[in-house]
Amino acid sequence: MAQIDQTAKLADGRILGYAEFGDPSGTPILFFHGFPASRLEGSILDDACLKANIRLITPDRPGFGLSEPKPARSFLDWPVDVSGLAGHLGLYRFGILAVSESTPYALACALRIPEHISTIGLVSPMSPLRYREVLSQMRPDQRMLYRRAARCPMLARTALTRCMHEANVDFPAVMSRLMDDGPVAETSVLHTPRVQEMLHANLKEAFRQGVEAAVQEVRLWSKPWQLQWQDIRRNVLIWEGRQDTVTPPIMAEKLASLLPRTLTRWYPHEGHSLLFARAEQILEQLLS
């Protein structure tokens with residue numbers, strides 16, 4: 001049975017929120033949510049995790065959902081929180097599955113706590129934004145958001161406040177925009193009532209504490225990531241849809257060129273909802 005409102009107290013006194021899905025006695029996998037999102041994103045994987053005998057643990061990042069904020073944080077602070085959660089749960093080794101914008105957080109764990117990671121996978125991953133070829137293939141609204149965050153946080157705050165408002169009072173507009181942007185395969189996934197229910201609850205929970213954590217994250221992504229790529233020695237699995245308009249395929253290609261050891265699986269007709277569409281297959285490959 002899913003447990004969606006769990007908390008752990010970290011060494012610095014902050015509260016970290018998390019949820020658990022799938023098989024409580026299964027192989028532990030930590031799932032890092034996308035953006036703007038929360039621990040509730042993991043709920044869509046509940047059935048697939050039960051089938052694969054996976055215990056899926058999905059923490060809220062600082063300032064999202066139930067997790068208390070951490071001012072002036074960096075990607076490399078996240079492994080400390082992950083280690084604290086693992087200690088709270090009595091886990092020594094666990095896998096990591098990260099989606100979209102959580103990519104640098106997963107790679108930070110691969111750098112700082114590799115001895116605890118049994119397997120690591122990135123679905124529809126994000127790459128650093130400082131490369132011209134990456135920026136050229138991003139949607140104009142995304143490029144504008146990251147530029148605003150880097151130059152004027154107030155403008156990014158305004159855009160994200162609009163997103164929070166839509167999540168609370170006009171979610172159909174959000175879904176319409178998502179379905180307009182994606183390929184046919186993605187639209188069929190997003191039409192599923194269970195997916196829409198998850199996305200609505202997930203988006204509202206992401207903004208439970210307001211937009212400051214979201215502004216903080218966008219600013220982090222817009223700056224150099226400060227990750228030592230050559231020191232990531234774990235084999236990193238990547239899954240990407242060729243029709244992805246949110247984290248376009250060039251991002252997966254760029255990551256594969258930066259990381260020493262990767263295996264990328266391509267899906268020619270899938271978009272950014274690849275994880276929702278291919279959950280069972282991805283989880284099976286992550287474990288194997």
# chains A, B, ... in the order shown; residues from 1 in each chain; ligands from 1
>>> select_by_dssp(residues="range 45-106 of chain A", states="strand (DSSP E)", output="VMD selection string")
chain A and resid 54 to 59 94 to 99
>>> select_by_dssp(residues="range 186-247 of chain A", states="helix (DSSP H, G or I)", output="number ranges by chain")
A: 186-190, 193-206, 212-222, 229-231
>>> residues_around(residues="Leu76 in chain A", least_positions_apart="4", cutoff="10 Å", atoms="only C-alpha atoms", output="PyMOL selection string")
chain A and resi 80-81+104-109+111-112+225-227
>>> closest_atom_pairs(of="range 144-225 of chain A", to="range 37-61 of chain A", cutoff="6 Å", atoms="only C-alpha atoms", output="JSON lines")
{"residue": "A:Asn202", "atom": "CA", "partner": "A:Leu40", "partner_atom": "CA", "distance": 5.2}
{"residue": "A:Leu203", "atom": "CA", "partner": "A:Ala37", "partner_atom": "CA", "distance": 5.4}
{"residue": "A:Ala206", "atom": "CA", "partner": "A:Ala37", "partner_atom": "CA", "distance": 4.7}
>>> write_last_selection(atoms="C-alpha atoms", output="short mmCIF file (atom, residue, chain, number, x, y, z; two decimals), in the first residue's frame")
data_model
loop_
_atom_site.label_atom_id
_atom_site.label_comp_id
_atom_site.auth_asym_id
_atom_site.auth_seq_id
_atom_site.Cartn_x
_atom_site.Cartn_y
_atom_site.Cartn_z
CA ASN A 202 1.77 16.49 -8.38
CA LEU A 203 1.82 20.05 -9.71
CA ALA A 206 5.10 21.03 -5.99
#
>>> residues_around(residues="Pro183 in chain A", least_positions_apart="4", cutoff="9 Å", atoms="only C-alpha atoms", output="PyMOL selection string")
chain A and resi 179+187-188+243-245+269-271
>>> write_last_selection(atoms="N, CA and C atoms", output="PDB file, in the first residue's frame")
ATOM      1  N   MET A 179      -0.503  18.816 -24.255  1.00  0.00           N
ATOM      2  CA  MET A 179      -0.917  17.965 -25.357  1.00  0.00           C
ATOM      3  C   MET A 179      -0.691  18.627 -26.712  1.00  0.00           C
ATOM      4  N   THR A 187       0.348  12.399 -26.538  1.00  0.00           N
ATOM      5  CA  THR A 187      -1.031  12.843 -26.314  1.00  0.00           C
ATOM      6  C   THR A 187      -1.894  11.709 -25.794  1.00  0.00           C
ATOM      7  N   SER A 188      -1.695  10.509 -26.335  1.00  0.00           N
ATOM      8  CA  SER A 188      -2.498   9.364 -25.880  1.00  0.00           C
ATOM      9  C   SER A 188      -2.211   9.034 -24.422  1.00  0.00           C
ATOM     10  N   GLN A 243      10.930  12.287 -29.999  1.00  0.00           N
ATOM     11  CA  GLN A 243       9.958  13.351 -30.196  1.00  0.00           C
ATOM     12  C   GLN A 243       9.827  14.265 -28.968  1.00  0.00           C
ATOM     13  N   ASP A 244      10.758  14.177 -28.063  1.00  0.00           N
ATOM     14  CA  ASP A 244      10.713  14.960 -26.827  1.00  0.00           C
ATOM     15  C   ASP A 244      10.944  16.444 -27.138  1.00  0.00           C
ATOM     16  N   THR A 245       9.983  17.278 -26.741  1.00  0.00           N
ATOM     17  CA  THR A 245      10.117  18.725 -26.961  1.00  0.00           C
ATOM     18  C   THR A 245      10.458  19.476 -25.669  1.00  0.00           C
ATOM     19  N   HIS A 269       9.220   7.232 -31.459  1.00  0.00           N
ATOM     20  CA  HIS A 269       7.898   7.868 -31.519  1.00  0.00           C
ATOM     21  C   HIS A 269       7.426   8.445 -30.181  1.00  0.00           C
ATOM     22  N   GLU A 270       8.267   8.388 -29.157  1.00  0.00           N
ATOM     23  CA  GLU A 270       7.856   8.845 -27.831  1.00  0.00           C
ATOM     24  C   GLU A 270       8.335  10.264 -27.560  1.00  0.00           C
ATOM     25  N   GLY A 271       7.599  10.942 -26.644  1.00  0.00           N
ATOM     26  CA  GLY A 271       7.960  12.288 -26.231  1.00  0.00           C
ATOM     27  C   GLY A 271       8.401  12.320 -24.780  1.00  0.00           C
TER      28      GLY A 271
END
>>> residues_around(residues="Leu190 in chain A", least_positions_apart="2", cutoff="12 Å", atoms="only C-alpha atoms", output="ChimeraX atom specification")
/A:44,172,174-188,192-200,271-277
>>> write_last_selection(atoms="C-alpha atoms", output="CSV table (one decimal), in the first residue's frame")
chain,number,residue,atom,x,y,z
A,44,ILE,CA,2.2,6.7,-11.5
A,172,PRO,CA,-7.2,22.1,-18.1
A,174,VAL,CA,-2.0,23.2,-18.4
A,175,MET,CA,-3.1,19.9,-20.0
A,176,SER,CA,-4.0,21.6,-23.2
A,177,ARG,CA,-0.6,23.1,-23.5
A,178,LEU,CA,1.1,19.8,-22.8
A,179,MET,CA,-0.9,18.0,-25.4
A,180,ASP,CA,-0.5,20.7,-28.0
A,181,ASP,CA,3.3,20.4,-27.7
A,182,GLY,CA,3.8,16.7,-27.8
A,183,PRO,CA,3.7,13.9,-30.5
A,184,VAL,CA,0.7,11.6,-31.0
A,185,ALA,CA,2.1,8.9,-28.7
A,186,GLU,CA,2.5,11.5,-25.9
A,187,THR,CA,-1.0,12.8,-26.3
A,188,SER,CA,-2.5,9.4,-25.9
A,192,THR,CA,-5.3,8.8,-19.6
A,193,PRO,CA,-7.4,9.8,-16.5
A,194,ARG,CA,-4.9,8.3,-14.1
A,195,VAL,CA,-2.0,10.3,-15.6
A,196,GLN,CA,-4.0,13.5,-15.5
A,197,GLU,CA,-5.0,13.0,-11.9
A,198,MET,CA,-1.4,12.4,-10.9
A,199,LEU,CA,-0.1,15.4,-12.9
A,200,HIS,CA,-2.7,17.7,-11.2
A,271,GLY,CA,8.0,12.3,-26.2
A,272,HIS,CA,8.6,13.6,-22.7
A,273,SER,CA,6.0,11.2,-21.2
A,274,LEU,CA,8.3,8.3,-22.0
A,275,LEU,CA,8.5,7.2,-18.4
A,276,PHE,CA,4.7,7.0,-18.1
A,277,ALA,CA,4.4,5.1,-21.4
>>> residues_around(residues="Arg147 in chain A", least_positions_apart="6", cutoff="10 Å", atoms="only C-alpha atoms", output="short mmCIF file (atom, residue, chain, number, x, y, z; two decimals) with N, CA and C atoms, in the first residue's frame")
data_model
loop_
_atom_site.label_atom_id
_atom_site.label_comp_id
_atom_site.auth_asym_id
_atom_site.auth_seq_id
_atom_site.Cartn_x
_atom_site.Cartn_y
_atom_site.Cartn_z
N ASP A 141 10.16 29.31 -25.09
CA ASP A 141 9.71 29.68 -23.74
C ASP A 141 10.66 29.15 -22.68
N PRO A 153 15.91 37.20 -11.40
CA PRO A 153 15.07 36.21 -10.74
C PRO A 153 13.61 36.65 -10.61
N LEU A 155 11.69 38.07 -12.78
CA LEU A 155 10.93 37.68 -13.97
C LEU A 155 10.63 36.18 -13.96
N ALA A 156 11.60 35.39 -13.54
CA ALA A 156 11.37 33.95 -13.41
C ALA A 156 10.30 33.68 -12.36
N VAL A 218 15.55 26.69 -11.05
CA VAL A 218 15.78 27.22 -12.39
C VAL A 218 17.11 27.97 -12.44
N ARG A 219 17.42 28.70 -11.38
CA ARG A 219 18.70 29.42 -11.33
C ARG A 219 19.87 28.44 -11.28
N SER A 222 20.51 27.09 -14.74
CA SER A 222 20.99 28.10 -15.69
C SER A 222 22.46 28.43 -15.52
N LYS A 223 23.05 27.97 -14.41
CA LYS A 223 24.47 28.23 -14.14
C LYS A 223 25.29 26.98 -14.45
#
>>> closest_atom_pairs(of="range 175-261 of chain A", to="range 127-132 of chain A", cutoff="12 Å", atoms="only C-alpha atoms", output="tab-separated table")
residue	atom	partner	partner_atom	distance
A:Val218	CA	A:Leu129	CA	11.1
A:Arg219	CA	A:Leu129	CA	11.3
A:Leu220	CA	A:Pro128	CA	10.2
A:Trp221	CA	A:Pro128	CA	7.1
A:Ser222	CA	A:Leu129	CA	6.4
A:Lys223	CA	A:Arg130	CA	7.9
A:Pro224	CA	A:Pro128	CA	7.2
A:Trp225	CA	A:Pro128	CA	6.8
A:Gln226	CA	A:Pro128	CA	9.9
A:Leu227	CA	A:Pro128	CA	10.0
A:Trp229	CA	A:Pro128	CA	11.4
A:Ile238	CA	A:Ser127	CA	11.9
A:Val246	CA	A:Ser127	CA	11.7
A:Thr247	CA	A:Ser127	CA	8.2
A:Pro248	CA	A:Ser127	CA	9.6
A:Pro249	CA	A:Ser127	CA	10.0
A:Ile250	CA	A:Ser127	CA	8.5
A:Met251	CA	A:Ser127	CA	4.9
A:Ala252	CA	A:Ser127	CA	6.9
A:Glu253	CA	A:Ser127	CA	8.8
A:Lys254	CA	A:Ser127	CA	6.6
A:Leu255	CA	A:Ser127	CA	5.9
A:Ala256	CA	A:Ser127	CA	9.6
A:Ser257	CA	A:Ser127	CA	10.5
A:Leu258	CA	A:Ser127	CA	9.5
A:Leu259	CA	A:Ser127	CA	10.9
>>> decode(residues="range 271-286 of chain A", atoms="N, CA and C atoms", output="JSON list (two decimals), in the first residue's frame")
[["chain", "number", "residue", "atom", "x", "y", "z"],
["A", 271, "GLY", "N", 7.60, 10.94, -26.64],
["A", 271, "GLY", "CA", 7.96, 12.29, -26.23],
["A", 271, "GLY", "C", 8.40, 12.32, -24.78],
["A", 272, "HIS", "N", 8.09, 13.41, -24.10],
["A", 272, "HIS", "CA", 8.58, 13.61, -22.73],
["A", 272, "HIS", "C", 7.85, 12.75, -21.71],
["A", 273, "SER", "N", 6.74, 12.14, -22.09],
["A", 273, "SER", "CA", 6.02, 11.24, -21.18],
["A", 273, "SER", "C", 6.50, 9.80, -21.31],
["A", 274, "LEU", "N", 7.72, 9.63, -21.80],
["A", 274, "LEU", "CA", 8.28, 8.30, -22.02],
["A", 274, "LEU", "C", 8.19, 7.42, -20.78],
["A", 275, "LEU", "N", 8.52, 7.97, -19.61],
["A", 275, "LEU", "CA", 8.51, 7.17, -18.39],
["A", 275, "LEU", "C", 7.11, 6.62, -18.11],
["A", 276, "PHE", "N", 6.08, 7.43, -18.32],
["A", 276, "PHE", "CA", 4.71, 6.98, -18.07],
["A", 276, "PHE", "C", 4.29, 5.91, -19.08],
["A", 277, "ALA", "N", 4.74, 6.06, -20.31],
["A", 277, "ALA", "CA", 4.36, 5.14, -21.38],
["A", 277, "ALA", "C", 5.09, 3.81, -21.29],
["A", 278, "ARG", "N", 6.34, 3.82, -20.82],
["A", 278, "ARG", "CA", 7.19, 2.63, -20.88],
["A", 278, "ARG", "C", 7.72, 2.23, -19.50],
["A", 279, "ALA", "N", 6.94, 2.48, -18.47],
["A", 279, "ALA", "CA", 7.42, 2.27, -17.10],
["A", 279, "ALA", "C", 7.91, 0.85, -16.86],
["A", 280, "GLU", "N", 7.13, -0.14, -17.24],
["A", 280, "GLU", "CA", 7.52, -1.53, -16.95],
["A", 280, "GLU", "C", 8.83, -1.89, -17.64],
["A", 281, "GLN", "N", 8.97, -1.49, -18.88],
["A", 281, "GLN", "CA", 10.18, -1.80, -19.63],
["A", 281, "GLN", "C", 11.40, -1.11, -19.02],
["A", 282, "ILE", "N", 11.24, 0.15, -18.68],
["A", 282, "ILE", "CA", 12.36, 0.92, -18.11],
["A", 282, "ILE", "C", 12.78, 0.33, -16.76],
["A", 283, "LEU", "N", 11.84, 0.00, -15.92],
["A", 283, "LEU", "CA", 12.17, -0.57, -14.62],
["A", 283, "LEU", "C", 12.85, -1.92, -14.76],
["A", 284, "GLU", "N", 12.39, -2.72, -15.69],
["A", 284, "GLU", "CA", 13.01, -4.02, -15.92],
["A", 284, "GLU", "C", 14.46, -3.85, -16.35],
["A", 285, "GLN", "N", 14.70, -2.92, -17.26],
["A", 285, "GLN", "CA", 16.06, -2.69, -17.75],
["A", 285, "GLN", "C", 16.93, -2.07, -16.67],
["A", 286, "LEU", "N", 16.36, -1.23, -15.82],
["A", 286, "LEU", "CA", 17.13, -0.63, -14.73],
["A", 286, "LEU", "C", 17.65, -1.72, -13.79]]
